[in-house]
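A.B. asks: Okay, so here is model_29.cif, and as you'll see once you scroll down, it has mmCIF, C-alpha atoms.
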```cif
data_entry
loop_
_atom_site.group_PDB
_atom_site.id
_atom_site.type_symbol
_atom_site.label_atom_id
_atom_site.label_comp_id
_atom_site.auth_asym_id
_atom_site.auth_seq_id
_atom_site.Cartn_x
_atom_site.Cartn_y
_atom_site.Cartn_z
ATOM 1 C CA MET A 817 18.672 140.223 57.361
ATOM 2 C CA VAL A 818 17.177 142.866 55.055
ATOM 3 C CA ARG A 819 19.584 145.356 53.537
ATOM 4 C CA GLN A 820 20.002 147.554 50.500
ATOM 5 C CA ASP A 821 22.848 145.958 48.515
ATOM 6 C CA LYS A 822 26.001 148.069 48.158
ATOM 7 C CA ASP A 823 27.326 146.988 44.768
ATOM 8 C CA THR A 824 26.991 149.231 41.702
ATOM 9 C CA GLN A 825 24.382 147.155 39.841
ATOM 10 C CA SER A 826 22.186 146.942 42.940
ATOM 11 C CA LYS A 827 22.394 150.702 43.430
ATOM 12 C CA ALA A 828 21.323 151.247 39.846
ATOM 13 C CA ASP A 829 18.393 148.833 40.333
ATOM 14 C CA ALA A 830 17.395 150.621 43.535
ATOM 15 C CA ARG A 831 17.315 153.997 41.752
ATOM 16 C CA VAL A 832 14.991 152.610 39.097
ATOM 17 C CA ARG A 833 12.810 150.616 41.533
ATOM 18 C CA PRO A 834 13.348 152.111 45.015
ATOM 19 C CA ASN A 835 10.928 149.602 46.514
ATOM 20 C CA ILE A 836 13.240 146.641 45.797
ATOM 21 C CA PHE A 837 15.281 145.402 48.712
ATOM 22 C CA TYR A 838 17.773 142.582 48.716
ATOM 23 C CA CYS A 839 17.486 139.927 51.420
ATOM 24 C CA THR A 840 20.450 137.713 52.198
ATOM 25 C CA PHE A 841 19.855 134.402 53.970
ATOM 26 C CA ALA A 842 22.809 132.018 54.268
ATOM 27 C CA ALA A 843 24.552 133.442 51.180
ATOM 28 C CA GLN A 844 21.377 133.440 49.043
ATOM 29 C CA THR A 845 20.035 136.695 47.693
ATOM 30 C CA GLN A 846 16.315 137.116 47.113
ATOM 31 C CA PHE A 847 14.360 140.088 45.876
ATOM 32 C CA VAL A 848 11.563 141.394 48.091
ATOM 33 C CA LEU A 849 9.099 143.943 46.767
ATOM 34 C CA MET A 850 8.024 146.440 49.375
ATOM 35 C CA GLU A 851 4.438 147.606 49.218
ATOM 36 C CA ARG A 852 4.301 151.279 48.166
ATOM 37 C CA ILE A 853 1.984 152.959 50.670
ATOM 38 C CA ALA A 854 0.908 156.594 50.410
ATOM 39 C CA VAL A 855 -0.997 158.627 52.954
ATOM 40 C CA PHE A 856 -3.317 161.289 51.553
ATOM 41 C CA PRO A 857 -3.952 163.529 54.593
ATOM 42 C CA GLY A 858 -6.548 166.248 54.959
ATOM 43 C CA SER A 859 -9.629 167.352 56.855
ATOM 44 C CA PHE A 860 -11.914 166.432 53.912
ATOM 45 C CA ASP A 861 -14.785 168.513 55.260
ATOM 46 C CA PRO A 862 -16.351 167.468 52.870
ATOM 47 C CA PHE A 863 -14.592 165.166 50.401
ATOM 48 C CA THR A 864 -14.720 166.832 46.953
ATOM 49 C CA LEU A 865 -14.256 165.863 43.301
ATOM 50 C CA GLY A 866 -10.687 167.133 43.513
ATOM 51 C CA HIS A 867 -9.935 164.838 46.461
ATOM 52 C CA GLU A 868 -11.469 161.863 44.667
ATOM 53 C CA SER A 869 -9.363 162.570 41.584
ATOM 54 C CA ILE A 870 -6.115 162.676 43.581
ATOM 55 C CA VAL A 871 -6.894 159.381 45.347
ATOM 56 C CA LEU A 872 -7.809 157.562 42.125
ATOM 57 C CA ARG A 873 -4.752 158.907 40.308
ATOM 58 C CA GLY A 874 -2.626 157.957 43.312
ATOM 59 C CA LEU A 875 -3.640 154.319 42.807
ATOM 60 C CA LYS A 876 -1.702 154.400 39.535
ATOM 61 C CA LEU A 877 1.489 155.165 41.486
ATOM 62 C CA PHE A 878 1.006 153.352 44.789
ATOM 63 C CA ASP A 879 -0.060 149.882 45.899
ATOM 64 C CA ARG A 880 -2.217 151.360 48.666
ATOM 65 C CA VAL A 881 -3.561 154.814 49.454
ATOM 66 C CA ILE A 882 -4.583 155.581 53.015
ATOM 67 C CA VAL A 883 -6.896 158.568 53.232
ATOM 68 C CA GLY A 884 -5.985 160.122 56.576
ATOM 69 C CA VAL A 885 -8.876 162.192 57.911
ATOM 70 C CA GLY A 886 -7.074 164.517 60.265
ATOM 71 C CA SER A 887 -8.216 166.747 63.027
ATOM 72 C CA ASN A 888 -7.381 170.412 62.457
ATOM 73 C CA ASP A 889 -7.657 172.655 65.515
ATOM 74 C CA ASN A 890 -7.552 175.735 63.266
ATOM 75 C CA LYS A 891 -10.826 174.806 61.557
ATOM 76 C CA GLN A 892 -14.363 174.497 62.882
ATOM 77 C CA PRO A 893 -15.590 171.265 61.246
ATOM 78 C CA PHE A 894 -18.974 171.101 59.540
ATOM 79 C CA PHE A 895 -19.087 167.291 59.407
ATOM 80 C CA SER A 896 -18.117 165.114 62.367
ATOM 81 C CA PRO A 897 -14.972 162.987 62.027
ATOM 82 C CA GLU A 898 -17.197 159.894 61.938
ATOM 83 C CA ALA A 899 -19.270 161.334 59.073
ATOM 84 C CA ARG A 900 -16.164 162.288 57.071
ATOM 85 C CA VAL A 901 -14.644 158.814 57.488
ATOM 86 C CA ALA A 902 -17.985 157.164 56.601
ATOM 87 C CA MET A 903 -18.522 159.264 53.464
ATOM 88 C CA ILE A 904 -15.052 158.427 52.122
ATOM 89 C CA ARG A 905 -15.293 154.725 53.058
ATOM 90 C CA ASP A 906 -18.696 154.474 51.392
ATOM 91 C CA LEU A 907 -17.356 156.166 48.279
ATOM 92 C CA PHE A 908 -14.442 153.708 47.922
ATOM 93 C CA GLN A 909 -16.090 150.597 49.349
ATOM 94 C CA ASP A 910 -15.360 148.632 46.148
ATOM 95 C CA GLU A 911 -11.647 149.525 46.080
ATOM 96 C CA PRO A 912 -9.657 147.303 48.474
ATOM 97 C CA ARG A 913 -6.441 149.297 47.960
ATOM 98 C CA ILE A 914 -7.956 152.386 49.616
ATOM 99 C CA ASP A 915 -8.171 152.599 53.389
ATOM 100 C CA VAL A 916 -9.693 155.456 55.390
ATOM 101 C CA GLN A 917 -8.620 156.292 58.949
ATOM 102 C CA TYR A 918 -9.143 159.152 61.371
ATOM 103 C CA TYR A 919 -6.135 160.485 63.271
ATOM 104 C CA THR A 920 -5.466 163.255 65.795
ATOM 105 C CA ASP A 921 -1.666 163.298 66.020
ATOM 106 C CA LEU A 922 1.010 164.615 63.670
ATOM 107 C CA THR A 923 0.679 163.447 60.088
ATOM 108 C CA ILE A 924 4.251 162.128 60.126
ATOM 109 C CA ASP A 925 3.384 159.959 63.148
ATOM 110 C CA PHE A 926 0.334 158.692 61.258
ATOM 111 C CA CYS A 927 2.610 157.867 58.290
ATOM 112 C CA ARG A 928 5.082 156.074 60.541
ATOM 113 C CA ARG A 929 2.320 154.030 62.212
ATOM 114 C CA ASN A 930 0.982 152.955 58.815
ATOM 115 C CA LYS A 931 4.464 152.244 57.372
ATOM 116 C CA ALA A 932 3.816 154.755 54.569
ATOM 117 C CA GLN A 933 6.780 155.801 52.460
ATOM 118 C CA TYR A 934 4.921 158.607 50.675
ATOM 119 C CA MET A 935 2.675 161.520 51.532
ATOM 120 C CA LEU A 936 0.356 162.427 48.670
ATOM 121 C CA ARG A 937 -0.803 166.032 48.301
ATOM 122 C CA GLY A 938 -2.919 167.802 45.715
ATOM 123 C CA LEU A 939 -2.003 171.252 44.408
ATOM 124 C CA ARG A 940 -4.586 173.623 42.940
ATOM 125 C CA THR A 941 -2.728 176.928 42.896
ATOM 126 C CA THR A 942 0.684 178.497 43.451
ATOM 127 C CA SER A 943 -0.368 179.458 46.980
ATOM 128 C CA ASP A 944 -1.089 175.757 47.645
ATOM 129 C CA PHE A 945 2.418 174.980 46.413
ATOM 130 C CA GLU A 946 4.065 177.549 48.703
ATOM 131 C CA TYR A 947 2.206 176.222 51.747
ATOM 132 C CA GLU A 948 2.765 172.537 50.866
ATOM 133 C CA ARG A 949 6.456 173.113 50.123
ATOM 134 C CA VAL A 950 7.065 174.442 53.635
ATOM 135 C CA VAL A 951 5.084 171.601 55.240
ATOM 136 C CA ALA A 952 6.903 169.010 53.109
ATOM 137 C CA GLN A 953 10.304 170.402 54.090
ATOM 138 C CA VAL A 954 9.429 170.285 57.782
ATOM 139 C CA ASN A 955 8.069 166.753 57.382
ATOM 140 C CA GLN A 956 11.259 165.750 55.532
ATOM 141 C CA ALA A 957 13.394 167.079 58.378
ATOM 142 C CA MET A 958 11.326 165.185 60.956
ATOM 143 C CA LEU A 959 10.785 161.950 58.998
ATOM 144 C CA PRO A 960 13.248 161.726 56.073
ATOM 145 C CA GLU A 961 12.098 158.279 54.960
ATOM 146 C CA VAL A 962 8.721 159.675 53.833
ATOM 147 C CA GLU A 963 8.692 161.489 50.496
ATOM 148 C CA SER A 964 6.071 164.098 49.660
ATOM 149 C CA VAL A 965 4.491 163.592 46.246
ATOM 150 C CA PHE A 966 2.533 166.472 44.729
ATOM 151 C CA MET A 967 -0.155 166.067 42.085
ATOM 152 C CA LEU A 968 -1.645 168.956 40.198
ATOM 153 C CA THR A 969 -5.423 168.984 40.162
ATOM 154 C CA PHE A 970 -7.243 168.872 36.871
ATOM 155 C CA PRO A 971 -8.094 172.404 35.685
ATOM 156 C CA GLU A 972 -11.823 171.794 36.167
ATOM 157 C CA HIS A 973 -11.218 171.050 39.866
ATOM 158 C CA THR A 974 -9.012 174.067 40.612
ATOM 159 C CA ALA A 975 -11.835 176.253 41.925
ATOM 160 C CA ILE A 976 -13.297 173.510 44.128
ATOM 161 C CA ASN A 977 -12.348 173.656 47.781
ATOM 162 C CA SER A 978 -14.014 172.323 50.897
ATOM 163 C CA THR A 979 -14.412 175.785 52.450
ATOM 164 C CA VAL A 980 -16.593 177.018 49.592
ATOM 165 C CA VAL A 981 -18.559 173.754 49.477
ATOM 166 C CA ARG A 982 -19.248 173.985 53.238
ATOM 167 C CA GLU A 983 -20.474 177.558 52.852
ATOM 168 C CA VAL A 984 -22.883 176.588 50.070
ATOM 169 C CA LEU A 985 -24.103 173.652 52.191
ATOM 170 C CA ARG A 986 -24.738 175.918 55.209
ATOM 171 C CA TYR A 987 -27.155 177.964 53.109
ATOM 172 C CA GLY A 988 -28.882 174.939 51.583
ATOM 173 C CA GLY A 989 -27.349 175.287 48.114
ATOM 174 C CA ASP A 990 -26.757 172.489 45.611
ATOM 175 C CA VAL A 991 -23.153 171.249 45.821
ATOM 176 C CA SER A 992 -23.564 168.173 43.614
ATOM 177 C CA LYS A 993 -21.314 169.688 40.890
ATOM 178 C CA PHE A 994 -18.413 169.772 43.348
ATOM 179 C CA LEU A 995 -18.757 166.318 44.920
ATOM 180 C CA PRO A 996 -18.176 162.785 43.620
ATOM 181 C CA ALA A 997 -21.291 161.548 41.775
ATOM 182 C CA ARG A 998 -21.695 158.542 44.090
ATOM 183 C CA LEU A 999 -21.561 160.673 47.244
ATOM 184 C CA ASN A 1000 -25.013 161.381 48.724
ATOM 185 C CA ILE A 1001 -23.987 164.280 50.972
ATOM 186 C CA GLN A 1002 -27.449 164.534 52.573
ATOM 187 C CA ARG A 1003 -26.836 161.185 54.259
ATOM 188 C CA TYR A 1004 -23.971 162.697 56.289
ATOM 189 C CA MET A 1005 -25.393 166.142 57.064
ATOM 190 C CA PRO A 1006 -25.276 167.244 60.694
ATOM 191 C CA ARG A 1007 -28.649 167.113 62.412
#
```
Could you quickly redo this structure as C-alpha coordinates?

C.D. replies:
Amino acid sequence: MVRQDKDTQSKADARVRPNIFYCTFAAQTQFVLMERIAVFPGSFDPFTLGHESIVLRGLKLFDRVIVGVGSNDNKQPFFSPEARVAMIRDLFQDEPRIDVQYYTDLTIDFCRRNKAQYMLRGLRTTSDFEYERVVAQVNQAMLPEVESVFMLTFPEHTAINSTVVREVLRYGGDVSKFLPARLNIQRYMPR
(Lines of atoms letter the chains of each structure in order from A and count residues from 1; the text may use other names and numbers.)
(Lines give C-alpha, C1' and ligand atoms only; values in the text may rest on other atoms or scores of the structure.)
Protein backbone atom coordinates (compact mmCIF):
# COMPACT_ATOMS: atom_id res chain seq x y z
CA MET A 1 0.00 0.00 0.00
CA VAL A 2 1.47 3.38 -0.99
CA ARG A 3 0.36 6.37 1.04
CA GLN A 4 1.55 9.78 2.13
CA ASP A 5 2.19 9.45 5.88
CA LYS A 6 -0.03 11.57 8.13
CA ASP A 7 2.26 12.32 11.06
CA THR A 8 3.85 15.75 11.51
CA GLN A 9 7.44 14.76 10.70
CA SER A 10 6.34 12.99 7.51
CA LYS A 11 4.37 16.05 6.42
CA ALA A 12 7.41 18.23 6.95
CA ASP A 13 9.54 15.78 4.91
CA ALA A 14 6.93 15.76 2.14
CA ARG A 15 6.97 19.57 1.92
CA VAL A 16 10.74 19.57 1.50
CA ARG A 17 10.84 16.57 -0.88
CA PRO A 18 7.34 16.20 -2.38
CA ASN A 19 8.48 13.20 -4.40
CA ILE A 20 8.99 11.04 -1.29
CA PHE A 21 6.22 8.61 -0.50
CA TYR A 22 6.04 6.23 2.41
CA CYS A 23 5.21 2.59 1.71
CA THR A 24 3.96 0.38 4.50
CA PHE A 25 4.26 -3.40 4.14
CA ALA A 26 3.44 -5.52 7.19
CA ALA A 27 4.29 -2.72 9.64
CA GLN A 28 7.56 -1.79 7.89
CA THR A 29 7.98 1.66 6.43
CA GLN A 30 10.19 2.19 3.40
CA PHE A 31 10.96 5.32 1.46
CA VAL A 32 10.23 5.29 -2.27
CA LEU A 33 11.50 8.08 -4.49
CA MET A 34 9.10 8.95 -7.26
CA GLU A 35 10.63 9.93 -10.57
CA ARG A 36 10.03 13.64 -11.25
CA ILE A 37 8.69 13.82 -14.80
CA ALA A 38 7.99 17.08 -16.62
CA VAL A 39 6.26 17.56 -19.94
CA PHE A 40 7.47 20.48 -22.04
CA PRO A 41 4.62 20.94 -24.55
CA GLY A 42 4.62 23.05 -27.68
CA SER A 43 4.36 22.99 -31.46
CA PHE A 44 8.14 23.54 -31.84
CA ASP A 45 7.79 24.61 -35.47
CA PRO A 46 10.83 24.81 -35.45
CA PHE A 47 12.69 24.05 -32.21
CA THR A 48 14.69 27.18 -31.26
CA LEU A 49 17.58 28.12 -28.97
CA GLY A 50 15.05 29.25 -26.38
CA HIS A 51 13.35 25.84 -26.41
CA GLU A 52 16.69 24.06 -26.09
CA SER A 53 17.63 26.25 -23.12
CA ILE A 54 14.38 25.48 -21.27
CA VAL A 55 14.78 21.71 -21.80
CA LEU A 56 18.41 21.66 -20.64
CA ARG A 57 17.64 23.82 -17.61
CA GLY A 58 14.65 21.60 -16.86
CA LEU A 59 17.01 18.64 -16.49
CA LYS A 60 18.43 20.36 -13.41
CA LEU A 61 14.98 20.19 -11.77
CA PHE A 62 13.47 16.98 -13.14
CA ASP A 63 14.58 13.38 -13.57
CA ARG A 64 13.03 13.25 -17.05
CA VAL A 65 11.76 15.84 -19.50
CA ILE A 66 9.31 14.75 -22.17
CA VAL A 67 9.16 17.17 -25.07
CA GLY A 68 5.55 16.94 -26.21
CA VAL A 69 5.23 18.00 -29.84
CA GLY A 70 1.59 18.95 -30.00
CA SER A 71 -0.79 19.51 -32.82
CA ASN A 72 -2.26 23.02 -32.88
CA ASP A 73 -5.31 23.48 -35.10
CA ASN A 74 -4.90 27.27 -34.87
CA LYS A 75 -1.53 27.18 -36.64
CA GLN A 76 -0.55 26.15 -40.16
CA PRO A 77 2.61 24.08 -39.57
CA PHE A 78 5.73 24.65 -41.65
CA PHE A 79 7.41 21.38 -40.63
CA SER A 80 5.54 18.08 -40.51
CA PRO A 81 5.00 16.49 -37.08
CA GLU A 82 7.46 13.76 -38.07
CA ALA A 83 10.13 16.34 -38.97
CA ARG A 84 9.63 18.25 -35.70
CA VAL A 85 9.91 15.06 -33.62
CA ALA A 86 12.99 13.94 -35.62
CA MET A 87 14.79 17.28 -35.27
CA ILE A 88 14.32 17.32 -31.48
CA ARG A 89 15.22 13.62 -31.07
CA ASP A 90 18.35 14.10 -33.16
CA LEU A 91 19.32 17.13 -31.11
CA PHE A 92 19.05 15.26 -27.78
CA GLN A 93 20.08 11.79 -28.95
CA ASP A 94 22.89 11.65 -26.36
CA GLU A 95 20.64 12.59 -23.42
CA PRO A 96 18.69 9.55 -22.16
CA ARG A 97 16.59 11.65 -19.75
CA ILE A 98 14.91 13.49 -22.64
CA ASP A 99 12.09 11.84 -24.56
CA VAL A 100 10.24 13.31 -27.54
CA GLN A 101 6.67 12.35 -28.44
CA TYR A 102 3.98 13.65 -30.76
CA TYR A 103 0.44 13.99 -29.41
CA THR A 104 -2.92 15.21 -30.73
CA ASP A 105 -5.09 15.27 -27.61
CA LEU A 106 -5.25 17.65 -24.65
CA THR A 107 -1.91 18.36 -23.02
CA ILE A 108 -3.28 17.31 -19.63
CA ASP A 109 -4.24 13.91 -21.10
CA PHE A 110 -0.71 13.62 -22.51
CA CYS A 111 0.66 14.42 -19.02
CA ARG A 112 -1.61 11.84 -17.41
CA ARG A 113 -0.61 9.15 -19.93
CA ASN A 114 3.08 9.82 -19.27
CA LYS A 115 2.63 10.02 -15.46
CA ALA A 116 4.08 13.55 -15.47
CA GLN A 117 3.70 15.59 -12.31
CA TYR A 118 4.89 18.85 -13.88
CA MET A 119 4.26 20.90 -16.99
CA LEU A 120 7.27 23.00 -17.95
CA ARG A 121 6.71 26.29 -19.78
CA GLY A 122 9.06 29.02 -20.93
CA LEU A 123 8.19 32.70 -20.53
CA ARG A 124 9.70 35.40 -22.74
CA THR A 125 7.44 38.37 -22.06
CA THR A 126 4.61 39.58 -19.84
CA SER A 127 2.12 38.67 -22.57
CA ASP A 128 3.48 35.09 -22.45
CA PHE A 129 2.88 35.13 -18.70
CA GLU A 130 -0.73 36.32 -19.03
CA TYR A 131 -1.52 33.62 -21.59
CA GLU A 132 0.32 30.85 -19.69
CA ARG A 133 -1.28 31.83 -16.38
CA VAL A 134 -4.78 31.31 -17.79
CA VAL A 135 -3.81 27.98 -19.40
CA ALA A 136 -2.13 26.81 -16.18
CA GLN A 137 -5.20 27.67 -14.11
CA VAL A 138 -7.48 25.74 -16.46
CA ASN A 139 -5.05 22.81 -16.45
CA GLN A 140 -4.93 22.94 -12.63
CA ALA A 141 -8.72 22.78 -12.45
CA MET A 142 -8.83 19.81 -14.82
CA LEU A 143 -5.78 17.92 -13.51
CA PRO A 144 -4.77 19.23 -10.05
CA GLU A 145 -1.96 16.72 -9.58
CA VAL A 146 0.10 18.37 -12.34
CA GLU A 147 1.91 21.58 -11.40
CA SER A 148 2.87 24.17 -13.99
CA VAL A 149 6.47 25.34 -13.68
CA PHE A 150 7.48 28.52 -15.48
CA MET A 151 11.04 29.36 -16.48
CA LEU A 152 12.09 32.75 -17.72
CA THR A 153 14.08 32.67 -20.93
CA PHE A 154 17.56 34.11 -20.99
CA PRO A 155 17.49 37.74 -22.17
CA GLU A 156 19.32 36.85 -25.39
CA HIS A 157 16.51 34.42 -26.31
CA THR A 158 13.59 36.77 -25.60
CA ALA A 159 13.21 37.95 -29.20
CA ILE A 160 13.41 34.43 -30.66
CA ASN A 161 10.10 32.82 -31.51
CA SER A 162 9.16 30.08 -33.94
CA THR A 163 6.81 32.34 -35.93
CA VAL A 164 9.62 34.73 -36.87
CA VAL A 165 12.03 31.87 -37.58
CA ARG A 166 9.47 30.22 -39.90
CA GLU A 167 8.97 33.49 -41.77
CA VAL A 168 12.72 33.91 -42.32
CA LEU A 169 12.93 30.28 -43.48
CA ARG A 170 10.08 30.77 -45.99
CA TYR A 171 12.11 33.49 -47.69
CA GLY A 172 15.37 31.54 -47.64
CA GLY A 173 17.04 33.58 -44.89
CA ASP A 174 19.74 32.37 -42.49
CA VAL A 175 18.19 31.30 -39.17
CA SER A 176 21.29 29.68 -37.68
CA LYS A 177 21.56 32.40 -34.98
CA PHE A 178 18.16 31.38 -33.62
CA LEU A 179 18.54 27.58 -33.65
CA PRO A 180 20.62 25.15 -31.59
CA ALA A 181 24.13 24.86 -33.08
CA ARG A 182 23.80 21.10 -33.61
CA LEU A 183 20.50 21.43 -35.49
CA ASN A 184 20.91 21.21 -39.29
CA ILE A 185 17.52 22.69 -40.22
CA GLN A 186 18.03 22.02 -43.95
CA ARG A 187 17.77 18.29 -43.24
CA TYR A 188 14.14 18.72 -42.12
CA MET A 189 12.93 21.31 -44.64
CA PRO A 190 9.69 20.51 -46.46
CA ARG A 191 10.22 19.45 -50.05

A.B. asks: If you measure from atom CA of A:Ala854 to atom CA of A:Gln1002, what distance in Å do you get, rounded to one decimal?

C.D. replies: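 Pair atom CA of A:Ala854 / atom CA of A:Gln1002 returns 29.5 Å.
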
A.B. asks: For the PyMOL selection byres ((chain A and resi 991-993) around 12), applied here, can you spell out every residue it catches as a PyMOL selection string?

C.D. replies: chain A and resi 862-866+972-973+975-990+994-1002

A.B. asks: Output the selection as a short mmCIF file (atom, residue, chain, number, x, y, z; two decimals), keeping the file's coordinate frame - C-alpha atoms for each residue.

C.D. replies:
```cif
data_model
loop_
_atom_site.label_atom_id
_atom_site.label_comp_id
_atom_site.auth_asym_id
_atom_site.auth_seq_id
_atom_site.Cartn_x
_atom_site.Cartn_y
_atom_site.Cartn_z
CA PRO A 862 -16.35 167.47 52.87
CA PHE A 863 -14.59 165.17 50.40
CA THR A 864 -14.72 166.83 46.95
CA LEU A 865 -14.26 165.86 43.30
CA GLY A 866 -10.69 167.13 43.51
CA GLU A 972 -11.82 171.79 36.17
CA HIS A 973 -11.22 171.05 39.87
CA ALA A 975 -11.84 176.25 41.92
CA ILE A 976 -13.30 173.51 44.13
CA ASN A 977 -12.35 173.66 47.78
CA SER A 978 -14.01 172.32 50.90
CA THR A 979 -14.41 175.78 52.45
CA VAL A 980 -16.59 177.02 49.59
CA VAL A 981 -18.56 173.75 49.48
CA ARG A 982 -19.25 173.98 53.24
CA GLU A 983 -20.47 177.56 52.85
CA VAL A 984 -22.88 176.59 50.07
CA LEU A 985 -24.10 173.65 52.19
CA ARG A 986 -24.74 175.92 55.21
CA TYR A 987 -27.16 177.96 53.11
CA GLY A 988 -28.88 174.94 51.58
CA GLY A 989 -27.35 175.29 48.11
CA ASP A 990 -26.76 172.49 45.61
CA PHE A 994 -18.41 169.77 43.35
CA LEU A 995 -18.76 166.32 44.92
CA PRO A 996 -18.18 162.78 43.62
CA ALA A 997 -21.29 161.55 41.78
CA ARG A 998 -21.70 158.54 44.09
CA LEU A 999 -21.56 160.67 47.24
CA ASN A 1000 -25.01 161.38 48.72
CA ILE A 1001 -23.99 164.28 50.97
CA GLN A 1002 -27.45 164.53 52.57
#
```

A.B. asks: If we count all atoms listed in the file and set the cut-off at 12 Å, which residues sit around A:Asp921, ignoring sequence neighbours fewer than 6 positions away in its own chain? Please answer as a PDB file with C-alpha atoms, in the coordinates of the input.

C.D. replies:
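The result, written out as around_4.pdb:
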```pdb
ATOM      1  CA  PRO A 857      -3.952 163.529  54.593  1.00  0.00           C
ATOM      2  CA  GLY A 884      -5.985 160.122  56.576  1.00  0.00           C
ATOM      3  CA  VAL A 885      -8.876 162.192  57.911  1.00  0.00           C
ATOM      4  CA  GLY A 886      -7.074 164.517  60.265  1.00  0.00           C
ATOM      5  CA  SER A 887      -8.216 166.747  63.027  1.00  0.00           C
ATOM      6  CA  ASN A 888      -7.381 170.412  62.457  1.00  0.00           C
ATOM      7  CA  ASP A 889      -7.657 172.655  65.515  1.00  0.00           C
ATOM      8  CA  CYS A 927       2.610 157.867  58.290  1.00  0.00           C
ATOM      9  CA  ARG A 928       5.082 156.074  60.541  1.00  0.00           C
ATOM     10  CA  ARG A 929       2.320 154.030  62.212  1.00  0.00           C
TER      11      ARG A 929
END
```

A.B. asks: Kindly resolve the PyMOL selection byres ((chain A and resi 935) around 8) on the present coordinates and return the residues as a list of chain:residue names.

C.D. replies: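 On this input, the PyMOL selection byres ((chain A and resi 935) around 8) captures A:Ala854, A:Val855, A:Phe856, A:Pro857, A:Cys927, A:Ala932, A:Gln933, A:Tyr934, A:Leu936, A:Arg937, A:Val962, A:Glu963, A:Ser964, A:Val965.
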
A.B. asks: Return the single residue from A:Glu946, A:Asp925, A:Glu961, A:Asp915 that is closest to A:Ala902, with distances computed using all atoms listed in the file.

C.D. replies: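 Of A:Glu946, A:Asp925, A:Glu961, A:Asp915, the one nearest A:Ala902, counting all atoms listed in the file, is A:Asp915.
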
A.B. asks: Could you tell me how far atom CA of A:Ala899 sits from atom CA of A:Arg949, in Å to one decimal place?

C.D. replies: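 Rounded to one decimal, the two atoms are 29.7 Å apart.
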